[in-house]
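See below for entry-v3.pdb, which holds PDB, C-alpha atoms, pLDDT in the B column.
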MODEL        1
ATOM      1  CA  SER S 199      34.849  85.503  36.860  1.00 60.00           C
ATOM      2  CA  PRO S 200      31.599  84.343  35.449  1.00 64.00           C
ATOM      3  CA  PRO S 201      30.256  80.992  36.501  1.00 63.00           C
ATOM      4  CA  PRO S 202      30.849  78.108  34.095  1.00 64.00           C
ATOM      5  CA  PRO S 203      28.008  77.451  31.722  1.00 64.00           C
ATOM      6  CA  SER S 204      25.653  74.798  32.930  1.00 63.00           C
ATOM      7  CA  PRO S 205      25.670  71.634  30.949  1.00 64.00           C
ATOM      8  CA  SER S 206      22.958  71.264  28.366  1.00 66.00           C
ATOM      9  CA  PRO S 207      20.167  68.955  29.289  1.00 65.00           C
ATOM     10  CA  PRO S 208      20.390  65.528  27.685  1.00 65.00           C
ATOM     11  CA  PRO S 209      18.348  65.076  24.522  1.00 66.00           C
ATOM     12  CA  PRO S 210      14.918  63.572  25.151  1.00 66.00           C
ATOM     13  CA  SER S 211      14.746  59.790  24.737  1.00 65.00           C
ATOM     14  CA  PRO S 212      12.763  58.658  21.750  1.00 66.00           C
ATOM     15  CA  SER S 213       9.188  57.843  22.564  1.00 66.00           C
ATOM     16  CA  PRO S 214       7.850  54.360  21.775  1.00 63.00           C
ATOM     17  CA  PRO S 215       6.056  54.028  18.469  1.00 65.00           C
ATOM     18  CA  PRO S 216       2.303  54.342  18.624  1.00 65.00           C
ATOM     19  CA  PRO S 217       0.479  50.990  18.912  1.00 62.00           C
ATOM     20  CA  ASN S 218      -0.401  49.278  15.667  1.00 63.00           C
ATOM     21  CA  PRO S 219      -4.192  48.928  15.561  1.00 59.00           C
ATOM     22  CA  SER S 220      -3.923  45.599  13.691  1.00 62.00           C
ATOM     23  CA  THR S 221      -1.746  44.017  16.399  1.00 58.00           C
ATOM     24  CA  PRO S 222      -3.563  43.101  19.579  1.00 59.00           C
ATOM     25  CA  PRO S 223      -1.887  44.317  22.720  1.00 57.00           C
ATOM     26  CA  ASN S 224      -0.026  41.520  24.527  1.00 59.00           C
ATOM     27  CA  PRO S 225      -0.946  38.662  22.204  1.00 58.00           C
ATOM     28  CA  SER S 226      -1.243  35.339  23.989  1.00 62.00           C
ATOM     29  CA  PRO S 227       1.043  32.558  22.795  1.00 66.00           C
ATOM     30  CA  SER S 228      -0.465  30.214  20.213  1.00 71.00           C
ATOM     31  CA  PRO S 229      -1.405  26.785  21.458  1.00 76.00           C
ATOM     32  CA  ALA S 230       0.793  23.965  20.211  1.00 76.00           C
ATOM     33  CA  PRO S 231      -0.602  22.323  17.078  1.00 77.00           C
ATOM     34  CA  PRO S 232      -2.214  18.943  17.665  1.00 73.00           C
ATOM     35  CA  PRO S 233      -0.062  15.901  16.920  1.00 68.00           C
ATOM     36  CA  PRO S 234      -0.465  14.491  13.421  1.00 63.00           C
ATOM     37  CA  PRO S 235      -2.959  11.648  13.157  1.00 60.00           C
ATOM     38  CA  ALA S 236      -1.606   8.117  13.165  1.00 55.00           C
ATOM     39  CA  PRO S 237      -1.232   6.665   9.664  1.00 54.00           C
ATOM     40  CA  ARG S 238      -4.351   4.797   8.606  1.00 54.00           C
ATOM     41  CA  GLY S 239      -2.422   1.589   8.176  1.00 51.00           C
ATOM     42  CA  ALA S 240      -0.887   1.685  11.651  1.00 50.00           C
ATOM     43  CA  ALA S 241      -4.253   2.386  13.266  1.00 49.00           C
ATOM     44  CA  TYR S 242      -5.819  -0.386  11.172  1.00 50.00           C
ATOM     45  CA  ILE S 243      -3.275  -2.950  12.367  1.00 51.00           C
ATOM     46  CA  GLN S 244      -3.746  -1.881  15.962  1.00 56.00           C
ATOM     47  CA  ARG S 245      -7.497  -2.462  15.712  1.00 54.00           C
ATOM     48  CA  ASP S 246      -7.292  -6.031  14.427  1.00 69.00           C
ATOM     49  CA  PRO S 247      -3.952  -7.648  13.571  1.00 68.00           C
ATOM     50  CA  ASN S 248      -5.670 -10.769  12.199  1.00 77.00           C
ATOM     51  CA  VAL S 249      -7.495  -9.081   9.319  1.00 82.00           C
ATOM     52  CA  LEU S 250      -6.592 -10.479   5.919  1.00 88.00           C
ATOM     53  CA  ASP S 251      -6.742  -7.831   3.203  1.00 90.00           C
ATOM     54  CA  VAL S 252      -7.544  -9.547  -0.086  1.00 91.00           C
ATOM     55  CA  TRP S 253      -6.359  -8.232  -3.453  1.00 92.00           C
ATOM     56  CA  VAL S 254      -7.572  -9.653  -6.755  1.00 91.00           C
ATOM     57  CA  PHE S 255      -5.254  -9.771  -9.772  1.00 87.00           C
ATOM     58  CA  ALA S 256      -7.120 -10.157 -13.043  1.00 87.00           C
ATOM     59  CA  GLY S 257      -6.331  -9.586 -16.703  1.00 83.00           C
ATOM     60  CA  GLN S 258      -3.741 -10.960 -19.068  1.00 83.00           C
ATOM     61  CA  SER S 259      -0.139 -12.219 -18.938  1.00 76.00           C
ATOM     62  CA  ASN S 260       1.380  -9.316 -16.991  1.00 75.00           C
ATOM     63  CA  ALA S 261      -0.997 -10.045 -14.127  1.00 77.00           C
ATOM     64  CA  VAL S 262      -0.273 -13.784 -14.394  1.00 74.00           C
ATOM     65  CA  GLY S 263       3.468 -13.235 -14.097  1.00 67.00           C
ATOM     66  CA  TYR S 264       4.250 -16.196 -16.318  1.00 57.00           C
ATOM     67  CA  ASN S 265       7.609 -15.587 -17.946  1.00 53.00           C
ATOM     68  CA  ASP S 266      10.702 -17.400 -19.169  1.00 53.00           C
ATOM     69  CA  VAL S 267      12.933 -18.807 -16.497  1.00 55.00           C
ATOM     70  CA  ASP S 268      16.598 -17.851 -16.723  1.00 60.00           C
ATOM     71  CA  TRP S 269      17.524 -19.378 -13.327  1.00 61.00           C
ATOM     72  CA  THR S 270      18.872 -16.134 -11.903  1.00 65.00           C
ATOM     73  CA  PRO S 271      18.200 -15.804  -8.179  1.00 66.00           C
ATOM     74  CA  MET S 272      14.840 -14.373  -7.228  1.00 67.00           C
ATOM     75  CA  PRO S 273      14.985 -10.753  -6.012  1.00 72.00           C
ATOM     76  CA  PRO S 274      14.431 -10.175  -2.274  1.00 75.00           C
ATOM     77  CA  ASP S 275      10.943  -8.838  -2.965  1.00 73.00           C
ATOM     78  CA  ALA S 276       9.996 -12.287  -4.269  1.00 76.00           C
ATOM     79  CA  GLU S 277      10.892 -14.147  -1.081  1.00 81.00           C
ATOM     80  CA  PRO S 278       7.885 -15.725   0.649  1.00 85.00           C
ATOM     81  CA  MET S 279       6.647 -14.325   3.951  1.00 90.00           C
ATOM     82  CA  PRO S 280       4.779 -17.193   5.625  1.00 92.00           C
ATOM     83  CA  ASP S 281       1.592 -16.231   7.475  1.00 91.00           C
ATOM     84  CA  ARG S 282       1.843 -12.635   6.160  1.00 92.00           C
ATOM     85  CA  LEU S 283       1.536 -13.065   2.372  1.00 91.00           C
ATOM     86  CA  LEU S 284      -1.073 -15.643   1.365  1.00 91.00           C
ATOM     87  CA  MET S 285      -2.552 -16.860  -1.900  1.00 87.00           C
ATOM     88  CA  TYR S 286      -5.774 -18.567  -2.936  1.00 87.00           C
ATOM     89  CA  PRO S 287      -4.741 -20.842  -5.821  1.00 80.00           C
ATOM     90  CA  MET S 288      -7.402 -21.680  -8.366  1.00 75.00           C
ATOM     91  CA  ALA S 289      -6.046 -25.246  -8.504  1.00 75.00           C
ATOM     92  CA  THR S 290      -6.687 -25.977  -4.808  1.00 79.00           C
ATOM     93  CA  ARG S 291      -9.159 -23.277  -3.732  1.00 82.00           C
ATOM     94  CA  HIS S 292      -7.818 -22.869  -0.199  1.00 87.00           C
ATOM     95  CA  TRP S 293      -5.569 -20.252   1.416  1.00 90.00           C
ATOM     96  CA  THR S 294      -1.874 -21.084   1.614  1.00 88.00           C
ATOM     97  CA  ASP S 295       1.403 -19.210   1.984  1.00 89.00           C
ATOM     98  CA  ALA S 296       2.166 -17.198  -1.140  1.00 86.00           C
ATOM     99  CA  GLN S 297       5.016 -18.275  -3.384  1.00 79.00           C
ATOM    100  CA  VAL S 298       6.673 -16.773  -6.420  1.00 72.00           C
ATOM    101  CA  ASN S 299       4.577 -16.677  -9.569  1.00 66.00           C
ATOM    102  CA  ILE S 300       1.232 -16.833  -7.857  1.00 59.00           C
ATOM    103  CA  GLY S 301      -0.528 -16.539 -11.210  1.00 58.00           C
ATOM    104  CA  ALA S 302       0.955 -19.734 -12.632  1.00 57.00           C
ATOM    105  CA  ALA S 303       0.596 -21.505  -9.283  1.00 55.00           C
ATOM    106  CA  SER S 304      -3.021 -20.403  -9.156  1.00 55.00           C
ATOM    107  CA  ALA S 305      -3.684 -22.121 -12.467  1.00 54.00           C
ATOM    108  CA  GLY S 306      -1.980 -25.293 -11.229  1.00 53.00           C
ATOM    109  CA  PHE S 307       1.388 -24.802 -12.964  1.00 53.00           C
ATOM    110  CA  LEU S 308       3.507 -25.189  -9.831  1.00 50.00           C
ATOM    111  CA  SER S 309       6.580 -26.157 -11.881  1.00 47.00           C
ATOM    112  CA  GLN S 310       6.874 -22.507 -12.964  1.00 49.00           C
ATOM    113  CA  ASN S 311       8.040 -21.448  -9.502  1.00 49.00           C
ATOM    114  CA  LYS S 312      11.076 -19.582 -10.827  1.00 51.00           C
ATOM    115  CA  ALA S 313       8.999 -16.966 -12.594  1.00 55.00           C
ATOM    116  CA  ILE S 314       7.561 -13.945 -10.856  1.00 63.00           C
ATOM    117  CA  GLY S 315       4.422 -11.874 -11.100  1.00 71.00           C
ATOM    118  CA  PRO S 316       3.593  -8.573  -9.431  1.00 80.00           C
ATOM    119  CA  GLU S 317       2.006  -9.923  -6.262  1.00 82.00           C
ATOM    120  CA  MET S 318       4.950 -10.586  -3.947  1.00 83.00           C
ATOM    121  CA  SER S 319       6.601  -7.182  -4.293  1.00 84.00           C
ATOM    122  CA  PHE S 320       3.182  -5.473  -4.245  1.00 88.00           C
ATOM    123  CA  GLY S 321       2.263  -7.295  -1.032  1.00 89.00           C
ATOM    124  CA  LYS S 322       5.563  -6.467   0.634  1.00 89.00           C
ATOM    125  CA  LYS S 323       5.086  -2.783  -0.189  1.00 89.00           C
ATOM    126  CA  LEU S 324       1.637  -2.915   1.438  1.00 89.00           C
ATOM    127  CA  LEU S 325       3.100  -4.578   4.532  1.00 89.00           C
ATOM    128  CA  ASP S 326       5.916  -2.000   4.677  1.00 87.00           C
ATOM    129  CA  ALA S 327       3.310   0.777   4.490  1.00 86.00           C
ATOM    130  CA  GLN S 328       1.455  -0.921   7.358  1.00 83.00           C
ATOM    131  CA  VAL S 329      -1.743  -1.154   5.369  1.00 80.00           C
ATOM    132  CA  SER S 330      -2.351  -4.558   6.881  1.00 83.00           C
ATOM    133  CA  ASN S 331      -0.697  -7.287   8.856  1.00 87.00           C
ATOM    134  CA  LYS S 332      -1.681  -9.966   6.339  1.00 90.00           C
ATOM    135  CA  ILE S 333      -2.155  -9.723   2.580  1.00 92.00           C
ATOM    136  CA  GLY S 334      -4.012 -12.331   0.545  1.00 92.00           C
ATOM    137  CA  PHE S 335      -3.923 -12.655  -3.239  1.00 89.00           C
ATOM    138  CA  ILE S 336      -6.464 -14.162  -5.568  1.00 88.00           C
ATOM    139  CA  ASN S 337      -5.006 -14.298  -9.060  1.00 84.00           C
ATOM    140  CA  VAL S 338      -7.539 -15.077 -11.752  1.00 85.00           C
ATOM    141  CA  ALA S 339      -5.505 -13.658 -14.651  1.00 82.00           C
ATOM    142  CA  VAL S 340      -5.218 -15.655 -17.865  1.00 82.00           C
ATOM    143  CA  GLY S 341      -2.413 -14.907 -20.316  1.00 79.00           C
ATOM    144  CA  GLY S 342      -3.601 -14.245 -23.846  1.00 83.00           C
ATOM    145  CA  SER S 343      -7.236 -13.891 -22.819  1.00 87.00           C
ATOM    146  CA  ASN S 344      -9.387 -11.483 -24.795  1.00 90.00           C
ATOM    147  CA  LEU S 345     -10.290  -8.528 -22.610  1.00 88.00           C
ATOM    148  CA  TYR S 346     -13.501  -7.901 -24.537  1.00 90.00           C
ATOM    149  CA  SER S 347     -14.963 -11.371 -24.899  1.00 91.00           C
ATOM    150  CA  SER S 348     -13.420 -13.035 -21.820  1.00 91.00           C
ATOM    151  CA  TRP S 349     -13.582 -10.272 -19.224  1.00 92.00           C
ATOM    152  CA  LEU S 350     -16.623  -8.239 -20.244  1.00 93.00           C
ATOM    153  CA  PRO S 351     -19.211  -8.156 -17.441  1.00 94.00           C
ATOM    154  CA  PRO S 352     -21.602  -9.755 -16.847  1.00 95.00           C
ATOM    155  CA  ASN S 353     -21.204 -12.757 -19.186  1.00 94.00           C
ATOM    156  CA  GLY S 354     -17.497 -13.033 -20.052  1.00 94.00           C
ATOM    157  CA  PRO S 355     -16.217 -16.439 -18.865  1.00 92.00           C
ATOM    158  CA  GLN S 356     -13.199 -14.976 -17.044  1.00 90.00           C
ATOM    159  CA  TRP S 357     -15.407 -12.328 -15.438  1.00 93.00           C
ATOM    160  CA  ILE S 358     -17.795 -15.030 -14.204  1.00 93.00           C
ATOM    161  CA  ASN S 359     -14.856 -17.132 -12.910  1.00 88.00           C
ATOM    162  CA  MET S 360     -13.451 -14.119 -11.054  1.00 90.00           C
ATOM    163  CA  ILE S 361     -16.780 -13.264  -9.389  1.00 93.00           C
ATOM    164  CA  ASP S 362     -17.431 -16.914  -8.471  1.00 90.00           C
ATOM    165  CA  THR S 363     -13.929 -17.232  -6.978  1.00 87.00           C
ATOM    166  CA  ILE S 364     -14.286 -14.057  -4.939  1.00 87.00           C
ATOM    167  CA  LYS S 365     -17.642 -15.244  -3.595  1.00 89.00           C
ATOM    168  CA  THR S 366     -16.105 -18.517  -2.378  1.00 80.00           C
TER
ENDMDL
END
Can you give me the file's structure in the form of structure tokens?
Amino acid sequence: SPPPPSPSPPPPSPSPPPPNPSTPPNPSPSPAPPPPPAPRGAAYIQRDPNVLDVWVFAGQSNAVGYNDVDWTPMPPDAEPMPDRLLMYPMATRHWTDAQVNIGAASAGFLSQNKAIGPEMSFGKKLLDAQVSNKIGFINVAVGGSNLYSSWLPPNGPQWINMIDTIKT
């Protein structure tokens, strides 16, 4: 009897694809990206925690914050933060802890302490953002003042008052 047929050879294995000329052979792993920089505010506080950042509020009644009192409780953003939020009242001309309605207090109307201007919540947002460790406010706003005749540099009376106050 004839010998059994020999098995067929296995099919050839597929050859690897030719190298892609745009891909470098054995690319090295990418270095890890550098860490993100520290936020400016955080780095600023770390350099000098005693810096007082001063913000000037000027203009008309919205900057003063004078408003009718309805005796509802003050919102949490209006709560004082001793030694962190400060004010420079026009009536006394020395730094003190900020209180609600800095604009009216600045003009000497301390009885209006149940009204609120923009400063307290603005200052707390700056502290939360770590822009500074201490925020100081100078409010030279005057409700009902004429922006053209009162605030026009260099001779408007409110403009002159603001510049003189900032210089002190």
Quiz item: Expanded to explicit residues, what is the PyMOL selection byres ((chain S and resi 349) around 10) for this file, as a list of chain:residue names?
Solution: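 With the shown file as input, the PyMOL selection byres ((chain S and resi 349) around 10) matches S:Ala256, S:Gly257, S:Gln258, S:Ala339, S:Ser343, S:Asn344, S:Leu345, S:Tyr346, S:Ser347, S:Ser348, S:Leu350, S:Pro351, S:Pro352, S:Asn353, S:Gly354, S:Pro355, S:Gln356, S:Trp357, S:Ile358, S:Asn359, S:Met360.
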Quiz item: Could you write out as a PyMOL selection string the residues that the PyMOL selection byres ((chain S and resi 291) around 12) matches in the shown file?
Solution: chain S and resi 285-290+292-294+303-306+335-338+362-366
Residues of the last selection are to be written out with C-alpha atoms, as a JSON list (two decimals), in the coordinates of the input.
[["chain", "number", "residue", "atom", "x", "y", "z"],
["S", 285, "MET", "CA", -2.55, -16.86, -1.90],
["S", 286, "TYR", "CA", -5.77, -18.57, -2.94],
["S", 287, "PRO", "CA", -4.74, -20.84, -5.82],
["S", 288, "MET", "CA", -7.40, -21.68, -8.37],
["S", 289, "ALA", "CA", -6.05, -25.25, -8.50],
["S", 290, "THR", "CA", -6.69, -25.98, -4.81],
["S", 292, "HIS", "CA", -7.82, -22.87, -0.20],
["S", 293, "TRP", "CA", -5.57, -20.25, 1.42],
["S", 294, "THR", "CA", -1.87, -21.08, 1.61],
["S", 303, "ALA", "CA", 0.60, -21.50, -9.28],
["S", 304, "SER", "CA", -3.02, -20.40, -9.16],
["S", 305, "ALA", "CA", -3.68, -22.12, -12.47],
["S", 306, "GLY", "CA", -1.98, -25.29, -11.23],
["S", 335, "PHE", "CA", -3.92, -12.66, -3.24],
["S", 336, "ILE", "CA", -6.46, -14.16, -5.57],
["S", 337, "ASN", "CA", -5.01, -14.30, -9.06],
["S", 338, "VAL", "CA", -7.54, -15.08, -11.75],
["S", 362, "ASP", "CA", -17.43, -16.91, -8.47],
["S", 363, "THR", "CA", -13.93, -17.23, -6.98],
["S", 364, "ILE", "CA", -14.29, -14.06, -4.94],
["S", 365, "LYS", "CA", -17.64, -15.24, -3.60],
["S", 366, "THR", "CA", -16.10, -18.52, -2.38]]
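Atom CA of S:Gly315 to atom CA of S:Leu250 spans 20.3 Å [interatomic distance, one decimal].
As for atom CA of S:Ala327 and atom CA of S:Pro231, they are spaced 25.3 Å apart.
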Self-check item: From S:Ala296, S:Met318, S:Leu325, S:Val252, residue lying nearest S:Asp281 [all atoms listed in the file]
Solution: S:Ala296
Self-check item: Contact residues around S:Pro274 with only C-alpha atoms at 12 Å, ignoring same-chain residues under 4 positions, as a VMD selection string
Solution: chain S and resid 278 to 279 298 314 318 to 319 322
Quiz item: How many Å separate atom CA of S:Pro316 from atom CA of S:Arg282?
Solution: 16.2 Å
